[in-house]
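Chemist: One structure follows; several queries about it will come next.
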Amino acid sequence: MAAYLARRVAITLVTLFGASVATFAVLGVLPGSPAQVVLGTQATPQAVRQLSAQLGTNKPLWAQYLHWAQGLVTAQLGRSYVSHQLIGPLIAQALSVTGPLILFALAIGVLFALPLGLGAALYNGKVTGTLLSALSQVGIAVPTFVGGIVLIIVFAVKVPVFPSSGFPGWSEPGQALRSLVLPALTLGLVEGAILSRYVRASVLDQLHSDYLRTARAKGLTRAQALWRHGLRNAMVPLVTVLGLELAGLIVGAVIVEDVFSLPGVGQLLLNAVGDRDLLVVQDIVILLAAVVLVVNLLVDISYGLLDPRVRDERAR
Amino acid sequence: MTALGVGLARPGAPLSWRRWARSPSALAGTALVGLVVVVAVVSLAWTPYPPLAIGPSHSLEGPSWAHILGTDQYGRDVLSRLMAGSRTSLYAGVVPVLAASAIGVPAGLLAAARGGIGDQIVMRLSDVLYAFPALLAAIALSAALGASTGTAMLAIGTAFVPVFVRVTRSNALVVLGSGYVLAARAYGRRPLQILRRHVLPNIATTVIAQMSLLCSLAILAEAGLDYLGLGTTPPTPSWGNMVQAAQDYLSQDPLLTVWPGLAIIVSVLGFTLLGDGIAELRNTHLGRCA
């Protein structure tokens, strides 16, 4: 297991390095200097030179990359070229919205996925099962922004129970939670539809297993056998699916935050793109990519823990 | 996926129309995708009104005989814009997937067939791309290159390459490990011949199913980017930017967001079902053989 672990961690670090180079290559190497972008076309060449020296963007590319990477590793993200605010606290502030949103959405997703997937598996081949499967199929096809707008129409315009946009900040926890309800529901319903397909597949797998047949032969009904023996086994692979779905939730959050004007990481990213605040874009992009990679690593490790065959095969 | 027992890689069967007609998913998927394709083709020659023609005195009119789905805030005919928007979605949904498969499938085959250092390089590069979900890649790229349909498609295509690499490689490895490939080797077939005659036909169904599923994801991602204002920009009609524009008029005319929303759902559902159907066909065949 130690060898497997070491190998997975090493691969993740190499990939993270590659991802940072890719991010830098796309965003850090642009025609026209960042100083020119900040100062506008009217600026004198002298002013541009001066700001370039101040920002360090007149140095060779490899030195710029090293400087940036060093900042990432030591959590010194520097200041935005445009607003001159410290980027670290900006991102931390935004995460205090996006983090709870994603967790809330994940909880809602699981809550919907379990009964939906279980029902679809138990009634597989019957009308009920087909209907439940179809429901999750349609749910997957609904874009988050359309789902969000429908929820706004129903719960904010027609029956105004929840706010349709904005976030008051955590100093008012009640109001803050209320403004997260519709965004989390939007993300959670789509996520629930996706997860329910995995729940269905996983439970169906267990229903066809030998040990459940034995349990039935022992005199248990199908529901009893599944409840006592099957469910626990069916849940194991789902833990890893939850991890993989996090990437989907992160990009989903970017869109949902835009629909509901929530000041989260997605809004920070989109505003930075709009302002051509490229250092902020670069930092958020590599941060989110790093989250995806670390979660993938955890998923891989959990595979290895659950199934020794995997680690033997992958350690080679 | 392996943990769920969703058969990763087994020899696939060639598609046949008879089995196609027996799969509800494949049939429904074909019908929905067909509908979108027909609308897109018709819109090239005919739409009720020119999609860009504004009518200031007719803004935000509800459905009527003159405008079946009503008009938008500039008095443009919604049905015409919806029809024209299908071209944007199909184009942005299909082209990145084709491009990604053109790179990813050969790379996956190479990795599986050669193994060793080549395999390592291909897989590590694909890991790097895999770290950037399509939408994130597209946002980053639009910051660098500016928002356009082309930028969105480039980013989505790039993000899909590792998916094809992984699917192709893992499926090809199974075929390469099979008895008949061993026999072909013993018979003296060259590696390239084996790839062409045994591996490619056997993984084709899986790859095609994957392509269909990715088309649905590409349509979703592109619509999302258009909604964010980072893809197809107005006045060119796309379903995503129609929803975005309509959001400002939610209280006056909520239906305005519903039509493009439904159009996205129909096309995404179509490609998902088609992909599922194709994947099912392969498994059915398996079940009978086993």
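We label chains A, B, ... in the order they appear in the structure tokens, count residues from 1 in each chain, and number ligands from 1 in the order shown.
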Considering only alpha helix (DSSP H) as DSSP defines it on the backbone, what residues of range 49-146 of chain B qualify? List them as JSON, numbers by chain.
Modeler: {"B": [78, 79, 80, 81, 82, 83, 84, 85, 86, 87, 88, 89, 90, 91, 92, 93, 94, 95, 96, 97, 98, 99, 100, 101, 102, 103, 104, 105, 106, 107, 108, 109, 110, 111, 112, 113, 114, 116, 117, 118, 119, 120, 121, 122, 123, 124, 125, 126, 127, 128, 129, 130, 134, 135, 136, 137, 138, 139, 140, 141, 142, 143, 144, 145]}
Chemist: Env of Phe167 in chain A: 10 Å cut, atoms = only C-alpha atoms, seq-sep filter 6 positions within chain, self excluded. Answer as a list in words.
Modeler: Val97, Gln175, Ala176, Leu177, Arg178, Ser179, Leu180, Phe260, Ser261, Leu262, Pro263 and Gly264 of chain A
Chemist: Please provide as an mmCIF file with C-alpha atoms, in the first residue's frame all residues within 10 Å of Arg228 in chain A, with the sequence filter that same-chain residues fewer than 6 positions apart are discarded (counting only C-alpha atoms).
Modeler:
```cif
data_model
loop_
_atom_site.group_PDB
_atom_site.id
_atom_site.type_symbol
_atom_site.label_atom_id
_atom_site.label_comp_id
_atom_site.auth_asym_id
_atom_site.auth_seq_id
_atom_site.Cartn_x
_atom_site.Cartn_y
_atom_site.Cartn_z
ATOM 1 C CA LEU A 212 -28.032 -11.716 -1.803
ATOM 2 C CA ALA A 215 -29.880 -14.250 1.908
ATOM 3 C CA LEU A 220 -35.529 -12.919 3.718
#
```
Chemist: Could you give me, as a count of residues only, the residues within 12 Å of Pro237 in chain B, counting only C-alpha atoms and dropping anything in the same chain fewer than 5 positions from it?
Modeler: 30
Chemist: With distances taken over only C-alpha atoms, which residue among A:Leu269, A:Ala141, A:Val236, A:Leu90 lies nearest chain B?
Modeler: A:Ala141
Chemist: With a cut-off of 8 Å, could you pull out the residues of chain A touching chain B and give me the nearest pair of atoms for each, distance in Å to one decimal, using only C-alpha atoms, ordered by chain and ascending number, as CSV?
Modeler:
```
residue,atom,partner,partner_atom,distance
A:Ile11,CA,B:Arg124,CA,7.9
A:Thr15,CA,B:Val128,CA,5.2
A:Leu16,CA,B:Val128,CA,7.2
A:Gly18,CA,B:Val128,CA,5.9
A:Ala19,CA,B:Val128,CA,5.3
A:Val26,CA,B:Ala144,CA,6.6
A:Leu27,CA,B:Ala144,CA,5.6
A:Leu30,CA,B:Ala144,CA,7.0
A:Gln137,CA,B:Leu269,CA,7.0
A:Val138,CA,B:Leu269,CA,6.4
A:Ile140,CA,B:Leu269,CA,7.9
A:Ala141,CA,B:Ile265,CA,5.1
A:Val142,CA,B:Ile265,CA,5.4
A:Pro143,CA,B:Leu220,CA,6.3
A:Phe145,CA,B:Gly224,CA,7.3
A:Val146,CA,B:Gly261,CA,5.7
A:Ile149,CA,B:Gln247,CA,7.5
A:Ile153,CA,B:Leu250,CA,7.0
A:Val157,CA,B:Ser251,CA,6.6
A:Tyr198,CA,B:Leu4,CA,7.7
A:Ala201,CA,B:Leu4,CA,6.9
A:Ser202,CA,B:Leu4,CA,5.7
A:Asp205,CA,B:Gly5,CA,7.2
A:Pro237,CA,B:Ala3,CA,5.7
A:Ala247,CA,B:Pro133,CA,6.9
A:Gly248,CA,B:Pro133,CA,7.7
A:Val251,CA,B:Leu135,CA,6.4
A:Ile255,CA,B:Gly224,CA,7.1
A:Asp258,CA,B:Leu228,CA,7.4
A:Leu270,CA,B:Ile139,CA,7.7
A:Val273,CA,B:Ala143,CA,5.2
A:Gly274,CA,B:Ala143,CA,7.7
A:Arg276,CA,B:Ala143,CA,6.7
A:Leu278,CA,B:Ala143,CA,7.4
A:Val281,CA,B:Ala140,CA,7.0
A:Gln282,CA,B:Ala140,CA,7.7
A:Val285,CA,B:Ala140,CA,7.0
A:Ala289,CA,B:Ala131,CA,5.1
A:Ala290,CA,B:Ala131,CA,7.4
A:Val292,CA,B:Ala131,CA,6.0
A:Leu293,CA,B:Ala131,CA,5.9
```
Chemist: Fewer than 3 positions away in the same chain doesn't count, so skip those; otherwise give me all residues within 9 Å of Val181 in chain A, counting only C-alpha atoms, as a PDB file with all heavy atoms, in the first residue's frame.
Modeler:
```pdb
ATOM      1  N   LEU A 101     -21.994  26.444  -0.226  1.00  0.00           N
ATOM      2  CA  LEU A 101     -22.927  26.191  -1.332  1.00  0.00           C
ATOM      3  C   LEU A 101     -22.749  24.774  -1.863  1.00  0.00           C
ATOM      4  O   LEU A 101     -23.725  24.034  -2.046  1.00  0.00           O
ATOM      5  CB  LEU A 101     -22.697  27.214  -2.458  1.00  0.00           C
ATOM      6  CG  LEU A 101     -23.420  26.945  -3.776  1.00  0.00           C
ATOM      7  CD1 LEU A 101     -24.926  27.051  -3.599  1.00  0.00           C
ATOM      8  CD2 LEU A 101     -22.957  27.908  -4.869  1.00  0.00           C
ATOM      9  N   PHE A 104     -23.834  22.081   0.772  1.00  0.00           N
ATOM     10  CA  PHE A 104     -25.291  22.118   0.832  1.00  0.00           C
ATOM     11  C   PHE A 104     -25.871  21.378  -0.380  1.00  0.00           C
ATOM     12  O   PHE A 104     -26.750  20.506  -0.254  1.00  0.00           O
ATOM     13  CB  PHE A 104     -25.698  23.602   0.813  1.00  0.00           C
ATOM     14  CG  PHE A 104     -27.058  23.901   1.378  1.00  0.00           C
ATOM     15  CD1 PHE A 104     -27.494  25.237   1.454  1.00  0.00           C
ATOM     16  CD2 PHE A 104     -27.914  22.913   1.829  1.00  0.00           C
ATOM     17  CE1 PHE A 104     -28.743  25.557   1.956  1.00  0.00           C
ATOM     18  CE2 PHE A 104     -29.165  23.233   2.336  1.00  0.00           C
ATOM     19  CZ  PHE A 104     -29.575  24.550   2.396  1.00  0.00           C
ATOM     20  N   ALA A 105     -25.340  21.697  -1.562  1.00  0.00           N
ATOM     21  CA  ALA A 105     -25.823  21.080  -2.799  1.00  0.00           C
ATOM     22  C   ALA A 105     -25.567  19.574  -2.793  1.00  0.00           C
ATOM     23  O   ALA A 105     -26.416  18.786  -3.213  1.00  0.00           O
ATOM     24  CB  ALA A 105     -25.154  21.722  -4.009  1.00  0.00           C
ATOM     25  N   PHE A 162     -38.063  32.842  -1.168  1.00  0.00           N
ATOM     26  CA  PHE A 162     -36.612  32.926  -1.049  1.00  0.00           C
ATOM     27  C   PHE A 162     -36.096  34.055  -1.930  1.00  0.00           C
ATOM     28  O   PHE A 162     -36.692  34.353  -2.960  1.00  0.00           O
ATOM     29  CB  PHE A 162     -35.962  31.606  -1.484  1.00  0.00           C
ATOM     30  CG  PHE A 162     -36.292  30.452  -0.582  1.00  0.00           C
ATOM     31  CD1 PHE A 162     -37.123  29.431  -1.022  1.00  0.00           C
ATOM     32  CD2 PHE A 162     -35.779  30.399   0.707  1.00  0.00           C
ATOM     33  CE1 PHE A 162     -37.435  28.368  -0.176  1.00  0.00           C
ATOM     34  CE2 PHE A 162     -36.091  29.350   1.549  1.00  0.00           C
ATOM     35  CZ  PHE A 162     -36.921  28.328   1.103  1.00  0.00           C
ATOM     36  N   PRO A 163     -35.000  34.694  -1.518  1.00  0.00           N
ATOM     37  CA  PRO A 163     -34.440  35.761  -2.350  1.00  0.00           C
ATOM     38  C   PRO A 163     -33.921  35.202  -3.669  1.00  0.00           C
ATOM     39  O   PRO A 163     -33.458  34.061  -3.724  1.00  0.00           O
ATOM     40  CB  PRO A 163     -33.301  36.326  -1.504  1.00  0.00           C
ATOM     41  CG  PRO A 163     -32.992  35.284  -0.488  1.00  0.00           C
ATOM     42  CD  PRO A 163     -34.236  34.495  -0.276  1.00  0.00           C
ATOM     43  N   LEU A 177     -28.181  31.782   4.979  1.00  0.00           N
ATOM     44  CA  LEU A 177     -28.633  30.431   4.627  1.00  0.00           C
ATOM     45  C   LEU A 177     -29.823  30.486   3.675  1.00  0.00           C
ATOM     46  O   LEU A 177     -29.895  29.732   2.711  1.00  0.00           O
ATOM     47  CB  LEU A 177     -29.007  29.653   5.891  1.00  0.00           C
ATOM     48  CG  LEU A 177     -27.864  28.928   6.588  1.00  0.00           C
ATOM     49  CD1 LEU A 177     -28.381  28.178   7.810  1.00  0.00           C
ATOM     50  CD2 LEU A 177     -27.192  27.942   5.619  1.00  0.00           C
ATOM     51  N   ARG A 178     -30.750  31.419   3.968  1.00  0.00           N
ATOM     52  CA  ARG A 178     -31.928  31.544   3.127  1.00  0.00           C
ATOM     53  C   ARG A 178     -31.540  31.853   1.678  1.00  0.00           C
ATOM     54  O   ARG A 178     -32.137  31.342   0.739  1.00  0.00           O
ATOM     55  CB  ARG A 178     -32.825  32.668   3.657  1.00  0.00           C
ATOM     56  CG  ARG A 178     -34.160  32.195   4.222  1.00  0.00           C
ATOM     57  CD  ARG A 178     -34.851  33.319   4.972  1.00  0.00           C
ATOM     58  NE  ARG A 178     -35.098  34.477   4.115  1.00  0.00           N
ATOM     59  CZ  ARG A 178     -36.237  34.666   3.438  1.00  0.00           C
ATOM     60  NH1 ARG A 178     -37.195  33.781   3.531  1.00  0.00           N
ATOM     61  NH2 ARG A 178     -36.392  35.726   2.697  1.00  0.00           N
ATOM     62  N   ALA A 184     -28.426  26.225  -3.919  1.00  0.00           N
ATOM     63  CA  ALA A 184     -28.038  24.868  -3.548  1.00  0.00           C
ATOM     64  C   ALA A 184     -29.030  23.850  -4.107  1.00  0.00           C
ATOM     65  O   ALA A 184     -28.643  22.764  -4.546  1.00  0.00           O
ATOM     66  CB  ALA A 184     -27.946  24.737  -2.032  1.00  0.00           C
ATOM     67  N   LEU A 185     -30.305  24.223  -4.115  1.00  0.00           N
ATOM     68  CA  LEU A 185     -31.333  23.332  -4.659  1.00  0.00           C
ATOM     69  C   LEU A 185     -31.090  23.125  -6.162  1.00  0.00           C
ATOM     70  O   LEU A 185     -31.190  22.010  -6.670  1.00  0.00           O
ATOM     71  CB  LEU A 185     -32.716  23.956  -4.423  1.00  0.00           C
ATOM     72  CG  LEU A 185     -33.915  23.008  -4.364  1.00  0.00           C
ATOM     73  CD1 LEU A 185     -33.698  21.958  -3.294  1.00  0.00           C
ATOM     74  CD2 LEU A 185     -35.191  23.787  -4.093  1.00  0.00           C
ATOM     75  N   THR A 186     -30.757  24.213  -6.860  1.00  0.00           N
ATOM     76  CA  THR A 186     -30.475  24.120  -8.296  1.00  0.00           C
ATOM     77  C   THR A 186     -29.353  23.121  -8.568  1.00  0.00           C
ATOM     78  O   THR A 186     -29.500  22.197  -9.370  1.00  0.00           O
ATOM     79  CB  THR A 186     -30.028  25.495  -8.836  1.00  0.00           C
ATOM     80  OG1 THR A 186     -30.992  26.467  -8.473  1.00  0.00           O
ATOM     81  CG2 THR A 186     -29.862  25.465 -10.327  1.00  0.00           C
TER      82      THR A 186
END
```
